[in-house]
file data_0.csv (CSV, C-alpha atoms)
chain,number,residue,atom,x,y,z
A,1,MET,CA,68.2,13.7,37.9
A,2,LEU,CA,67.7,16.3,40.7
A,3,ARG,CA,69.2,15.2,44.0
A,4,PRO,CA,66.7,14.3,46.8
A,5,ILE,CA,65.1,17.4,48.4
A,6,ARG,CA,63.2,17.8,51.6
A,7,THR,CA,60.8,20.6,51.1
A,8,LEU,CA,58.3,21.6,48.4
A,9,ALA,CA,59.8,25.1,48.2
A,10,ALA,CA,63.2,23.8,47.7
A,11,ALA,CA,62.0,21.4,45.1
A,12,ALA,CA,60.2,24.2,43.2
A,13,ALA,CA,63.3,26.4,43.3
A,14,ALA,CA,65.7,23.7,42.2
A,15,LEU,CA,63.4,22.7,39.3
A,16,LEU,CA,63.0,26.3,38.1
A,17,LEU,CA,66.7,26.9,38.3
A,18,ALA,CA,67.4,23.7,36.3
A,19,THR,CA,64.9,24.7,33.7
A,20,ALA,CA,66.3,28.2,33.3
A,21,CYS,CA,69.8,26.9,33.0
A,22,ASN,CA,68.8,24.3,30.4
A,23,SER,CA,66.8,26.8,28.4
A,24,ALA,CA,69.5,29.5,28.4
A,25,SER,CA,72.7,27.6,28.0
A,26,THR,CA,72.5,23.8,27.4
A,27,GLY,CA,70.1,23.6,24.6
A,28,GLY,CA,67.8,21.3,26.5
A,29,THR,CA,64.0,21.5,26.4
A,30,SER,CA,62.4,24.8,27.3
A,31,GLN,CA,59.1,23.2,28.3
A,32,LYS,CA,57.6,24.7,31.4
A,33,PRO,CA,57.3,22.5,34.6
A,34,GLY,CA,54.0,20.8,34.6
A,35,ASP,CA,53.4,21.3,30.8
A,36,SER,CA,52.9,18.0,29.0
A,37,VAL,CA,53.8,19.3,25.6
A,38,ARG,CA,55.2,22.8,24.7
A,39,GLY,CA,52.6,24.8,22.7
A,40,VAL,CA,49.9,22.2,22.8
A,41,THR,CA,46.7,22.4,24.8
A,42,ALA,CA,43.5,20.3,24.6
A,43,ASP,CA,42.2,22.5,21.8
A,44,THR,CA,45.1,24.5,20.3
A,45,VAL,CA,48.5,24.2,18.8
A,46,LYS,CA,50.8,27.2,18.9
A,47,VAL,CA,52.9,27.9,15.8
A,48,GLY,CA,55.1,30.9,14.9
A,49,GLY,CA,57.2,31.9,11.9
A,50,ILE,CA,60.6,33.5,11.0
A,51,VAL,CA,60.8,35.5,7.8
A,52,SER,CA,63.0,38.2,6.3
A,53,MET,CA,60.4,41.0,6.0
A,54,THR,CA,62.9,43.9,5.8
A,55,THR,CA,66.4,43.8,4.4
A,56,ALA,CA,69.2,46.2,3.6
A,57,SER,CA,68.7,45.7,-0.2
A,58,GLY,CA,64.9,46.3,0.0
A,59,TYR,CA,64.1,42.7,-0.9
A,60,SER,CA,61.3,41.4,1.2
A,61,LYS,CA,59.7,38.0,1.9
A,62,LYS,CA,56.8,39.5,3.9
A,63,ASP,CA,54.1,37.7,1.9
A,64,THR,CA,55.4,34.4,3.2
A,65,ASP,CA,53.4,35.3,6.3
A,66,LEU,CA,50.2,35.9,4.3
A,67,GLY,CA,50.6,32.5,2.7
A,68,ALA,CA,51.0,30.8,6.0
A,69,ARG,CA,48.0,32.6,7.4
A,70,ALA,CA,45.9,31.6,4.5
A,71,ARG,CA,46.7,27.9,4.9
A,72,TYR,CA,46.2,27.9,8.7
A,73,ALA,CA,42.9,29.8,8.3
A,74,ARG,CA,41.5,27.1,6.1
A,75,ALA,CA,42.7,24.4,8.4
A,76,ASN,CA,40.9,26.1,11.3
A,77,ALA,CA,37.8,26.5,9.2
A,78,GLU,CA,37.9,22.8,8.5
A,79,GLY,CA,38.2,21.9,12.2
A,80,GLY,CA,41.9,22.2,12.9
A,81,ILE,CA,44.3,19.3,13.4
A,82,ASN,CA,42.5,16.4,14.9
A,83,GLY,CA,40.2,18.9,16.7
A,84,ARG,CA,42.9,21.4,17.7
A,85,ARG,CA,42.8,24.9,16.3
A,86,ILE,CA,46.1,26.4,15.0
A,87,GLU,CA,47.1,29.4,17.0
A,88,TYR,CA,49.4,31.1,14.5
A,89,LEU,CA,51.4,34.0,16.1
A,90,GLY,CA,52.6,35.4,12.8
A,91,ALA,CA,56.2,35.7,11.6
A,92,GLU,CA,59.1,37.3,13.4
A,93,ASP,CA,61.2,39.6,11.1
A,94,ASP,CA,64.9,38.6,11.2
A,95,GLY,CA,65.9,41.4,8.9
A,96,GLN,CA,68.1,38.9,7.1
A,97,ASP,CA,70.5,39.2,10.0
A,98,PRO,CA,71.9,36.0,11.7
A,99,ALA,CA,71.8,37.5,15.2
A,100,ARG,CA,68.1,38.5,14.7
A,101,ASN,CA,67.3,35.1,13.3
A,102,LEU,CA,68.7,33.4,16.4
A,103,ALA,CA,66.9,35.9,18.7
A,104,ALA,CA,63.6,35.3,16.9
A,105,ALA,CA,64.0,31.5,17.3
A,106,ARG,CA,64.8,31.9,21.0
A,107,ARG,CA,61.8,34.3,21.6
A,108,LEU,CA,59.4,32.0,19.9
A,109,VAL,CA,60.5,29.0,21.9
A,110,GLN,CA,61.4,30.4,25.3
A,111,GLN,CA,58.9,33.2,25.6
A,112,GLU,CA,56.0,32.2,23.3
A,113,GLN,CA,56.4,28.4,23.9
A,114,VAL,CA,55.5,27.5,20.3
A,115,PHE,CA,55.2,23.8,19.3
A,116,ALA,CA,56.6,24.5,15.8
A,117,VAL,CA,58.1,27.1,13.6
A,118,ALA,CA,56.5,27.2,10.1
A,119,PRO,CA,57.3,29.1,8.0
A,120,MET,CA,61.1,29.8,8.2
A,121,SER,CA,62.3,31.7,5.2
A,122,SER,CA,65.5,33.7,5.1
A,123,VAL,CA,69.0,33.6,3.5
A,124,THR,CA,70.3,33.1,7.1
A,125,PHE,CA,69.4,30.4,9.5
A,126,ALA,CA,71.5,31.0,12.6
A,127,GLY,CA,68.7,29.7,14.8
A,128,ALA,CA,68.8,26.2,13.2
A,129,ASP,CA,71.0,24.5,15.8
A,130,PHE,CA,68.9,26.0,18.6
A,131,LEU,CA,65.6,24.9,17.2
A,132,ASP,CA,66.9,21.4,16.5
A,133,ARG,CA,68.3,21.0,20.0
A,134,GLN,CA,65.0,22.3,21.5
A,135,LYS,CA,63.2,19.7,19.4
A,136,VAL,CA,61.0,22.3,17.6
A,137,PRO,CA,59.5,21.0,14.3
A,138,THR,CA,60.6,23.7,11.8
A,139,ILE,CA,59.5,23.9,8.2
A,140,GLY,CA,60.5,26.4,5.6
A,141,TRP,CA,62.2,27.0,2.2
A,142,GLY,CA,65.1,24.5,2.2
A,143,THR,CA,67.6,26.7,0.4
A,144,LEU,CA,70.2,26.4,3.2
A,145,PRO,CA,72.3,23.4,4.4
A,146,SER,CA,70.4,23.5,7.8
A,147,PHE,CA,67.4,22.0,6.0
A,148,CYS,CA,69.5,19.0,5.0
A,149,GLY,CA,70.0,16.6,7.9
A,150,PRO,CA,68.9,18.1,11.3
A,151,LYS,CA,66.3,15.8,12.8
A,152,HIS,CA,63.5,18.4,13.4
A,153,ILE,CA,64.0,20.6,10.4
A,154,TYR,CA,62.2,20.2,7.0
A,155,GLY,CA,62.1,21.9,3.7
A,156,PHE,CA,58.6,22.3,2.2
A,157,ASN,CA,60.0,21.0,-1.1
A,158,GLY,CA,62.8,19.1,0.4
A,159,CYS,CA,66.5,19.7,0.9
A,160,LEU,CA,67.7,22.0,-1.9
A,161,VAL,CA,71.3,22.5,-0.9
A,162,PRO,CA,72.5,19.0,0.1
A,163,MET,CA,75.8,18.0,1.7
A,164,PRO,CA,77.9,15.2,0.1
A,165,GLY,CA,76.0,12.0,0.1
A,166,GLY,CA,72.7,13.7,-0.8
A,167,THR,CA,71.2,14.5,-4.1
A,168,LEU,CA,70.6,17.4,-6.4
A,169,ASN,CA,67.4,18.7,-8.0
A,170,GLN,CA,67.9,18.9,-11.8
A,171,THR,CA,64.8,21.0,-12.6
A,172,TRP,CA,66.9,24.1,-13.5
A,173,PRO,CA,69.4,22.5,-15.9
A,174,GLU,CA,66.9,20.2,-17.5
A,175,GLY,CA,64.3,22.9,-17.9
A,176,LEU,CA,66.8,25.3,-19.5
A,177,ALA,CA,67.8,22.5,-21.8
A,178,THR,CA,64.3,22.5,-23.2
A,179,VAL,CA,64.5,26.3,-23.8
A,180,LEU,CA,68.0,26.0,-25.4
A,181,GLY,CA,67.2,23.0,-27.6
A,182,GLY,CA,69.4,20.7,-25.6
A,183,ALA,CA,72.4,21.0,-23.1
A,184,ARG,CA,75.2,19.4,-25.1
A,185,GLY,CA,77.6,22.1,-26.4
A,186,LYS,CA,75.8,24.9,-24.5
A,187,SER,CA,77.7,27.1,-22.1
A,188,VAL,CA,76.5,28.7,-18.9
A,189,ALA,CA,77.7,31.4,-16.5
A,190,LEU,CA,76.7,31.3,-12.9
A,191,LEU,CA,76.9,34.3,-10.6
A,192,ALA,CA,75.9,34.5,-6.9
A,193,ASN,CA,76.4,36.7,-3.8
A,194,ASP,CA,79.5,36.4,-1.7
A,195,ASN,CA,77.8,34.7,1.3
A,196,ASP,CA,77.2,31.1,2.5
A,197,ALA,CA,74.0,30.7,0.5
A,198,GLY,CA,75.7,32.0,-2.6
A,199,LYS,CA,78.8,29.7,-2.2
A,200,PHE,CA,76.6,26.7,-1.7
A,201,GLY,CA,74.5,27.7,-4.7
A,202,ILE,CA,77.5,28.0,-7.0
A,203,ARG,CA,78.8,24.6,-5.8
A,204,THR,CA,75.6,22.7,-6.3
A,205,PHE,CA,74.4,24.3,-9.5
A,206,THR,CA,77.9,24.0,-11.1
A,207,GLN,CA,77.7,20.2,-10.5
A,208,GLY,CA,74.1,20.1,-11.7
A,209,PHE,CA,74.7,21.9,-15.0
A,210,LYS,CA,77.8,19.9,-15.7
A,211,ALA,CA,75.9,16.6,-15.1
A,212,ALA,CA,73.2,17.7,-17.5
A,213,GLY,CA,75.9,18.2,-20.2
A,214,TYR,CA,76.5,21.9,-20.2
A,215,ARG,CA,79.9,23.5,-20.1
A,216,VAL,CA,80.2,25.8,-17.1
A,217,ALA,CA,82.2,28.7,-18.4
A,218,TYR,CA,82.0,30.9,-15.4
A,219,ALA,CA,80.9,30.2,-11.8
A,220,LYS,CA,81.6,32.8,-9.0
A,221,ALA,CA,80.1,33.8,-5.7
A,222,ALA,CA,81.5,37.3,-6.0
A,223,VAL,CA,78.8,39.9,-5.6
A,224,PRO,CA,78.8,41.7,-2.2
A,225,ALA,CA,75.8,40.5,-0.2
A,226,THR,CA,75.6,43.6,2.0
A,227,SER,CA,75.2,46.3,-0.7
A,228,LEU,CA,74.1,46.5,-4.3
A,229,PRO,CA,76.9,47.3,-6.8
A,230,SER,CA,76.5,50.7,-8.5
A,231,ASP,CA,78.7,49.5,-11.4
A,232,TRP,CA,78.2,45.9,-12.8
A,233,SER,CA,80.8,46.3,-15.6
A,234,ALA,CA,83.5,44.2,-13.8
A,235,TYR,CA,81.1,41.2,-13.7
A,236,THR,CA,79.5,41.7,-17.1
A,237,LYS,CA,83.0,42.0,-18.8
A,238,GLU,CA,84.1,38.7,-17.3
A,239,ILE,CA,80.8,36.9,-18.1
A,240,LEU,CA,80.7,38.1,-21.7
A,241,ARG,CA,84.3,36.8,-22.4
A,242,SER,CA,83.9,33.6,-20.4
A,243,ALA,CA,83.0,31.2,-23.2
A,244,ASN,CA,86.3,30.9,-25.0
A,245,GLY,CA,86.4,34.7,-25.4
A,246,GLY,CA,82.7,35.1,-26.2
A,247,ALA,CA,79.3,35.2,-24.4
A,248,PRO,CA,77.8,32.0,-22.8
A,249,ASP,CA,74.5,30.7,-24.1
A,250,ALA,CA,72.9,31.3,-20.7
A,251,VAL,CA,73.6,33.5,-17.7
A,252,ILE,CA,72.2,32.1,-14.4
A,253,SER,CA,71.8,34.4,-11.4
A,254,VAL,CA,71.6,32.8,-8.0
A,255,MET,CA,70.6,36.1,-6.4
A,256,GLN,CA,67.7,38.1,-5.1
A,257,THR,CA,65.6,40.5,-7.2
A,258,PRO,CA,67.5,43.9,-6.7
A,259,TYR,CA,70.7,42.2,-7.8
A,260,ASN,CA,69.1,40.5,-10.7
A,261,ILE,CA,67.6,43.8,-12.0
A,262,GLY,CA,71.1,45.4,-11.9
A,263,LEU,CA,72.9,42.4,-13.5
A,264,PHE,CA,70.3,41.8,-16.2
A,265,THR,CA,70.1,45.5,-17.1
A,266,ALA,CA,73.8,45.7,-17.5
A,267,LEU,CA,74.0,42.6,-19.6
A,268,LYS,CA,71.3,43.8,-21.9
A,269,ARG,CA,73.0,47.2,-22.3
A,270,ALA,CA,76.2,45.4,-23.2
A,271,GLY,CA,74.4,43.7,-26.0
A,272,TYR,CA,73.9,40.2,-24.5
A,273,ARG,CA,71.2,38.2,-26.4
A,274,GLY,CA,71.4,34.8,-24.7
A,275,VAL,CA,69.1,33.3,-22.1
A,276,LEU,CA,68.8,34.9,-18.7
A,277,SER,CA,67.5,33.0,-15.7
A,278,ASP,CA,67.1,33.3,-11.9
A,279,PRO,CA,65.1,31.6,-9.1
A,280,THR,CA,63.4,34.6,-7.5
A,281,ASP,CA,61.7,37.0,-9.9
A,282,TYR,CA,58.3,35.5,-10.2
A,283,ASP,CA,56.3,38.3,-8.7
A,284,PRO,CA,53.6,40.3,-10.6
A,285,GLY,CA,54.3,43.2,-8.2
A,286,LEU,CA,57.6,43.7,-9.9
A,287,LEU,CA,55.8,44.6,-13.1
A,288,ALA,CA,54.4,47.9,-11.8
A,289,LYS,CA,57.6,49.8,-12.7
A,290,ASP,CA,58.7,50.2,-16.3
A,291,ALA,CA,62.4,49.9,-15.5
A,292,THR,CA,61.9,46.7,-13.6
A,293,ARG,CA,59.6,45.2,-16.2
A,294,GLN,CA,62.2,46.0,-18.9
A,295,ALA,CA,65.1,44.6,-16.9
A,296,LEU,CA,63.2,41.3,-16.3
A,297,ASP,CA,61.6,41.0,-19.8
A,298,GLY,CA,62.5,37.7,-21.3
A,299,VAL,CA,64.0,36.2,-18.1
A,300,HIS,CA,63.2,32.6,-17.3
A,301,VAL,CA,62.4,32.1,-13.7
A,302,LEU,CA,62.9,28.7,-11.9
A,303,LEU,CA,59.9,27.6,-9.9
A,304,GLN,CA,59.8,24.6,-7.6
A,305,PHE,CA,56.0,24.6,-7.4
A,306,GLN,CA,53.1,24.7,-9.9
A,307,PRO,CA,53.0,28.1,-11.7
A,308,PHE,CA,50.1,30.4,-10.8
A,309,GLU,CA,49.1,30.2,-14.5
A,310,ALA,CA,48.3,26.4,-14.1
A,311,ASP,CA,44.6,25.5,-13.9
A,312,THR,CA,44.6,22.7,-11.4
A,313,PRO,CA,42.3,22.0,-8.4
A,314,ALA,CA,45.2,22.6,-6.0
A,315,MET,CA,46.1,25.9,-7.6
A,316,ARG,CA,42.4,27.0,-7.6
A,317,GLN,CA,42.3,26.2,-3.8
A,318,PHE,CA,45.5,28.1,-3.2
A,319,LYS,CA,44.1,31.2,-4.9
A,320,ALA,CA,40.9,31.0,-3.0
A,321,ASP,CA,42.7,30.7,0.3
A,322,ILE,CA,45.0,33.7,-0.4
A,323,ARG,CA,42.0,35.8,-1.5
A,324,LYS,CA,40.1,35.0,1.7
A,325,ALA,CA,43.2,35.7,3.9
A,326,ALA,CA,43.6,39.1,2.1
A,327,GLY,CA,40.1,40.2,3.1
A,328,GLY,CA,38.4,39.1,-0.1
A,329,LYS,CA,40.7,41.2,-2.3
A,330,GLU,CA,42.5,40.0,-5.4
A,331,VAL,CA,46.1,40.5,-4.6
A,332,PRO,CA,49.1,39.9,-6.9
A,333,LEU,CA,50.4,36.4,-6.2
A,334,ASN,CA,54.1,35.7,-5.6
A,335,MET,CA,56.4,32.9,-4.7
A,336,HIS,CA,56.7,34.0,-1.1
A,337,MET,CA,53.0,33.4,-0.5
A,338,MET,CA,53.6,29.9,-1.8
A,339,THR,CA,56.6,29.4,0.5
A,340,GLY,CA,54.5,30.3,3.5
A,341,TYR,CA,51.5,28.3,2.3
A,342,MET,CA,53.3,25.1,1.6
A,343,SER,CA,55.4,25.3,4.7
A,344,ALA,CA,52.2,25.5,6.7
A,345,ASP,CA,50.7,22.7,4.5
A,346,LEU,CA,53.5,20.3,5.2
A,347,PHE,CA,53.3,21.0,9.0
A,348,LEU,CA,49.5,20.4,9.0
A,349,SER,CA,49.8,17.2,6.9
A,350,ILE,CA,52.4,15.6,9.2
A,351,ALA,CA,50.7,16.8,12.4
A,352,ALA,CA,47.4,15.3,11.2
A,353,GLU,CA,49.2,12.0,10.7
A,354,ALA,CA,50.6,12.2,14.2
A,355,GLY,CA,47.0,11.8,15.6
A,356,LYS,CA,45.2,13.2,18.6
A,357,ASP,CA,48.1,12.7,21.0
A,358,LEU,CA,50.3,15.4,19.4
A,359,THR,CA,53.8,15.5,20.8
A,360,VAL,CA,57.2,16.1,19.3
A,361,GLU,CA,57.8,12.4,19.4
A,362,SER,CA,54.5,11.5,17.6
A,363,PHE,CA,55.2,14.3,15.0
A,364,GLN,CA,58.6,12.9,14.3
A,365,LYS,CA,57.3,9.4,14.1
A,366,ALA,CA,54.6,10.5,11.6
A,367,ALA,CA,57.3,12.4,9.6
A,368,ALA,CA,59.4,9.3,9.4
A,369,GLY,CA,56.8,7.5,7.4
A,370,PHE,CA,55.1,10.4,5.7
A,371,SER,CA,54.3,10.6,2.0
A,372,ASP,CA,51.6,12.1,-0.3
A,373,ASN,CA,51.3,13.1,-3.9
A,374,GLY,CA,49.8,15.6,-6.3
A,375,THR,CA,50.6,18.7,-4.2
A,376,LEU,CA,51.6,22.1,-5.5
A,377,VAL,CA,55.3,21.0,-5.1
A,378,GLY,CA,54.7,17.5,-6.5
A,379,ASP,CA,55.1,14.2,-4.5
A,380,ARG,CA,56.4,14.6,-1.0
A,381,ALA,CA,58.1,12.1,1.3
A,382,GLU,CA,60.0,12.2,4.6
A,383,PRO,CA,62.6,11.6,5.7
A,384,ARG,CA,63.8,11.6,2.1
A,385,GLY,CA,63.1,15.3,2.0
A,386,GLN,CA,65.8,15.9,4.6
A,387,LYS,CA,68.4,14.6,2.2
A,388,GLU,CA,67.1,15.6,-1.2
A,389,SER,CA,64.5,17.8,-2.9
A,390,PHE,CA,61.2,16.6,-4.2
A,391,GLY,CA,62.6,17.0,-7.7
A,392,CYS,CA,59.8,18.9,-9.4
A,393,GLY,CA,59.6,22.4,-11.0
A,394,ALA,CA,58.8,24.6,-13.9
A,395,LEU,CA,60.1,27.6,-15.7
A,396,VAL,CA,58.1,30.8,-16.4
A,397,ARG,CA,59.1,33.6,-18.7
A,398,LEU,CA,58.2,37.3,-18.5
A,399,LYS,CA,57.1,38.4,-22.0
A,400,ASN,CA,55.5,41.7,-22.9
A,401,GLY,CA,54.6,42.4,-19.3
A,402,ARG,CA,53.1,39.1,-18.4
A,403,TYR,CA,54.3,35.7,-17.2
A,404,GLU,CA,53.8,32.7,-19.3
A,405,ILE,CA,54.7,29.0,-18.7
A,406,ALA,CA,57.9,28.3,-20.7
A,407,VAL,CA,58.5,24.7,-19.3
A,408,PRO,CA,55.5,23.0,-17.6
A,409,PHE,CA,55.7,21.7,-14.1
A,410,THR,CA,57.7,18.4,-14.4
A,411,CYS,CA,59.5,16.1,-12.0
A,412,TYR,CA,63.1,15.0,-12.7
A,413,GLU,CA,65.2,12.3,-11.2
A,414,PRO,CA,67.8,13.8,-8.8
A,415,ILE,CA,71.5,13.1,-9.2
A,416,PRO,CA,74.0,12.2,-6.4
A,417,PHE,CA,75.8,15.2,-5.0
A,418,GLY,CA,79.4,14.9,-3.9
call {"tool": "encode", "arguments": {"input": "data_0.csv", "output": "C-alpha cells"}}
result
Amino acid sequence: MLRPIRTLAAAAAALLLATACNSASTGGTSQKPGDSVRGVTADTVKVGGIVSMTTASGYSKKDTDLGARARYARANAEGGINGRRIEYLGAEDDGQDPARNLAAARRLVQQEQVFAVAPMSSVTFAGADFLDRQKVPTIGWGTLPSFCGPKHIYGFNGCLVPMPGGTLNQTWPEGLATVLGGARGKSVALLANDNDAGKFGIRTFTQGFKAAGYRVAYAKAAVPATSLPSDWSAYTKEILRSANGGAPDAVISVMQTPYNIGLFTALKRAGYRGVLSDPTDYDPGLLAKDATRQALDGVHVLLQFQPFEADTPAMRQFKADIRKAAGGKEVPLNMHMMTGYMSADLFLSIAAEAGKDLTVESFQKAAAGFSDNGTLVGDRAEPRGQKESFGCGALVRLKNGRYEIAVPFTCYEPIPFG
C-alpha cells in the first residue's frame, strides 16, 4: 500500500514509480494505472504470439502465425468473444534464442499490453516465469516443462513433458506397436539434441516405450543443438550395434527436420531397413526437393492432432480457414499451422466461457472447469491439461512422395510418469 500523500502530483509520481519498479523488477502486474484489465477494452481483446520463425539450422515454425491468424479471423467474422473483436498483433520471432524469447514476452506485456500470448511455440521458453508472474494467459505447443504446472500457461494438447507426478502420452509407442506388429520383443533407439528439450524428451520417451513393452537399446541426447553435424557416422555406428550387437527394430528421432534428414539419410546409406520415426516431418513443403523426399521416404511421423488426410467436419473447417487467411490460395498444410490454429482455438474457447466480464481471474476460473470434445486434438479438459496430455494422436507415413495415414487418430490412456 502506498503511504498517505498530500498532493495529486505526488500521488501520480509515486504510483508511476511503483508501477515501473513492479514491471521491471518484481514480476508484479504491468497493468497501467487506471486500466481495468490489461489488453481488454469494451470491444477488443489484444493478443500476441511468440514463435521461432528463424533459427540457426534453418528450421522455421513461421506458419504457426498463419494458423493463429486463420482461427482469430474466423472468430472475428463470427462476432468475436462475447462481442469483443480479437486484436491479434502477430507473432514475435524469438530466433530459438532464450534471451530473445524473454525479450519478446516482456515487449508484448510491458509495451503492447496484451491480455494473452497465444500461440507460443519454440524449443526455448525463457519467458515462461515472467508471463506466469505477470498473470498472462499463455497457450502454445506443450513440448517443454514450462507448460506443465504454471498457473497461467496451457498446452493446446496438454502437457507433453510432465514432471514426476504427472502422466505420459502413449500415442507414439502404441502407434508404432501397430506398425511393428506388437511391442513385445521389439527394440528401439532414441536420439535427441543435447539441450533441455532433448534431455526431457529422452527421459520421457524412454519410460513410455519401456512401459509399452519395448526394449530401449539406445537413448541419448547427444547431437549438438547449435549446429548440424557434417558427419553422422559416430551416431549411426552406435545405433546400428545397440541391439545386442545388431540394429534395433525402430529408430526414433526426437529432433527437428534438418537433423532428421541428416540422420535418416546416414542410416539408409548404412543399410538400415527398420522403422524410422520422428515428431516433426509432416510438411508437404518438404517434398519439393528430391533429396529431402528420399531422406524422409518411409518415415512414420507422430501427430498429436487429426491428420490433414482425415475427412471430418473439423478438418474441413480448418482447411477453409487456412485458405481464407492465405488470401484464398491453396497452400501446403503443415503441423505449425495446426499449432497456431489450436493454440488460438483453446484461448478462444476458454475466453468465451469466461463471459462478458473478461479478466484474468474470470479466464482462470473458466479454465479450471473447462472441457470439450471432438476437436482436432481430441477431448480437452483443464486443469488436467496442465499435468498431462490429452492422449490422442496418429501416425502418418511418407510413401512415394505422398503422406498416408499409417495409424488413424486414436486416444490412449496415459501412464504415470516418475
call {"tool": "residues_around", "arguments": {"input": "data_0.csv", "residues": "region 65-73 of chain A", "least_positions_apart": "3", "cutoff": "8 Å", "atoms": "only C-alpha atoms", "output": "CSV table (one decimal) with C-alpha atoms, in the coordinates of the input"}}
result
chain,number,residue,atom,x,y,z
A,49,GLY,CA,57.2,31.9,11.9
A,51,VAL,CA,60.8,35.5,7.8
A,62,LYS,CA,56.8,39.5,3.9
A,76,ASN,CA,40.9,26.1,11.3
A,77,ALA,CA,37.8,26.5,9.2
A,86,ILE,CA,46.1,26.4,15.0
A,88,TYR,CA,49.4,31.1,14.5
A,90,GLY,CA,52.6,35.4,12.8
A,91,ALA,CA,56.2,35.7,11.6
A,118,ALA,CA,56.5,27.2,10.1
A,119,PRO,CA,57.3,29.1,8.0
A,321,ASP,CA,42.7,30.7,0.3
A,322,ILE,CA,45.0,33.7,-0.4
A,324,LYS,CA,40.1,35.0,1.7
A,325,ALA,CA,43.2,35.7,3.9
A,326,ALA,CA,43.6,39.1,2.1
A,336,HIS,CA,56.7,34.0,-1.1
A,337,MET,CA,53.0,33.4,-0.5
A,338,MET,CA,53.6,29.9,-1.8
A,339,THR,CA,56.6,29.4,0.5
A,340,GLY,CA,54.5,30.3,3.5
A,341,TYR,CA,51.5,28.3,2.3
A,342,MET,CA,53.3,25.1,1.6
A,343,SER,CA,55.4,25.3,4.7
A,344,ALA,CA,52.2,25.5,6.7
A,345,ASP,CA,50.7,22.7,4.5
call {"tool": "closest_residue", "arguments": {"input": "data_0.csv", "among": "A:Thr124, A:Asn169, A:Gln364, A:Gln134", "to": "Ala351 (chain A)", "atoms": "all atoms listed in the file"}}
result
A:Gln364
call {"tool": "residues_around", "arguments": {"input": "data_0.csv", "residues": "region 137-141 of chain A", "least_positions_apart": "6", "cutoff": "7 Å", "atoms": "only C-alpha atoms", "output": "list in words"}}
result
Ala116, Val117, Ala118, Pro119, Met120, Ser121, His152, Ile153, Tyr154, Gly155, Phe156, Thr339, Ser343 and Phe347 of chain A
call {"tool": "closest_residue", "arguments": {"input": "data_0.csv", "among": "A:Arg85, A:His300, A:Lys365, A:Arg38", "to": "Leu348 (chain A)", "atoms": "only C-alpha atoms"}}
result
A:Arg85
call {"tool": "residues_around", "arguments": {"input": "data_0.csv", "residues": "region 275-286 of chain A", "least_positions_apart": "6", "cutoff": "8 Å", "atoms": "only C-alpha atoms", "output": "list of chain:residue names"}}
result
A:Asp249, A:Ala250, A:Val251, A:Ile252, A:Ser253, A:Val254, A:Met255, A:Gln256, A:Thr257, A:Asn260, A:Phe264, A:Thr292, A:Arg293, A:Leu296, A:Gly298, A:Val299, A:His300, A:Val301, A:Leu302, A:Leu303, A:Pro332, A:Leu333, A:Asn334, A:Met335, A:Val396, A:Arg402
call {"tool": "atom_distance", "arguments": {"input": "data_0.csv", "atom1": "CA of Thr143 (chain A)", "atom2": "CA of Ser122 (chain A)"}}
result
8.7 Å
call {"tool": "residues_around", "arguments": {"input": "data_0.csv", "residues": "Phe209 (chain A)", "least_positions_apart": "5", "cutoff": "10 Å", "atoms": "all atoms listed in the file", "output": "JSON, numbers by chain"}}
result
{"A": [170, 172, 173, 174, 176, 177, 183, 187, 188, 190, 204, 214, 215, 216]}
call {"tool": "closest_residue", "arguments": {"input": "data_0.csv", "among": "A:Asn157, A:Glu413, A:Gly79, A:Ala222", "to": "Gly198 (chain A)", "atoms": "all atoms listed in the file"}}
result
A:Ala222
call {"tool": "residues_around", "arguments": {"input": "data_0.csv", "residues": "region 234-248 of chain A", "least_positions_apart": "6", "cutoff": "7 Å", "atoms": "all atoms listed in the file", "output": "count of residues only"}}
result
7
call {"tool": "closest_residue", "arguments": {"input": "data_0.csv", "among": "A:Thr41, A:Gln111, A:Gly182, A:Ala105", "to": "Leu131 (chain A)", "atoms": "only C-alpha atoms"}}
result
A:Ala105
call {"tool": "closest_residue", "arguments": {"input": "data_0.csv", "among": "A:Ala314, A:Thr178, A:Leu358, A:Tyr403", "to": "Asn373 (chain A)", "atoms": "only C-alpha atoms"}}
result
A:Ala314
call {"tool": "closest_residue", "arguments": {"input": "data_0.csv", "among": "A:Pro98, A:Leu89, A:Arg84, A:Cys411", "to": "Gly374 (chain A)", "atoms": "all atoms listed in the file"}}
result
A:Cys411
call {"tool": "atom_distance", "arguments": {"input": "data_0.csv", "atom1": "CA of Leu180 (chain A)", "atom2": "CA of Arg397 (chain A)"}}
result
13.5 Å
call {"tool": "atom_distance", "arguments": {"input": "data_0.csv", "atom1": "CA of Ala320 (chain A)", "atom2": "CA of Gly80 (chain A)"}}
result
18.2 Å
call {"tool": "residues_near_point", "arguments": {"input": "data_0.csv", "point": "(53.3, 7.0, 2.8)", "cutoff": "9 Å", "atoms": "only C-alpha atoms", "output": "ChimeraX atom specification"}}
result
/A:369-372,381-382
call {"tool": "write_last_selection", "arguments": {"input": "data_0.csv", "atoms": "C-alpha atoms", "output": "PDB file, in the frame of the given file"}}
result
ATOM      1  CA  GLY A 369      56.800   7.500   7.400  1.00  0.00           C
ATOM      2  CA  PHE A 370      55.100  10.400   5.700  1.00  0.00           C
ATOM      3  CA  SER A 371      54.300  10.600   2.000  1.00  0.00           C
ATOM      4  CA  ASP A 372      51.600  12.100  -0.300  1.00  0.00           C
ATOM      5  CA  ALA A 381      58.100  12.100   1.300  1.00  0.00           C
ATOM      6  CA  GLU A 382      60.000  12.200   4.600  1.00  0.00           C
TER       7      GLU A 382
END
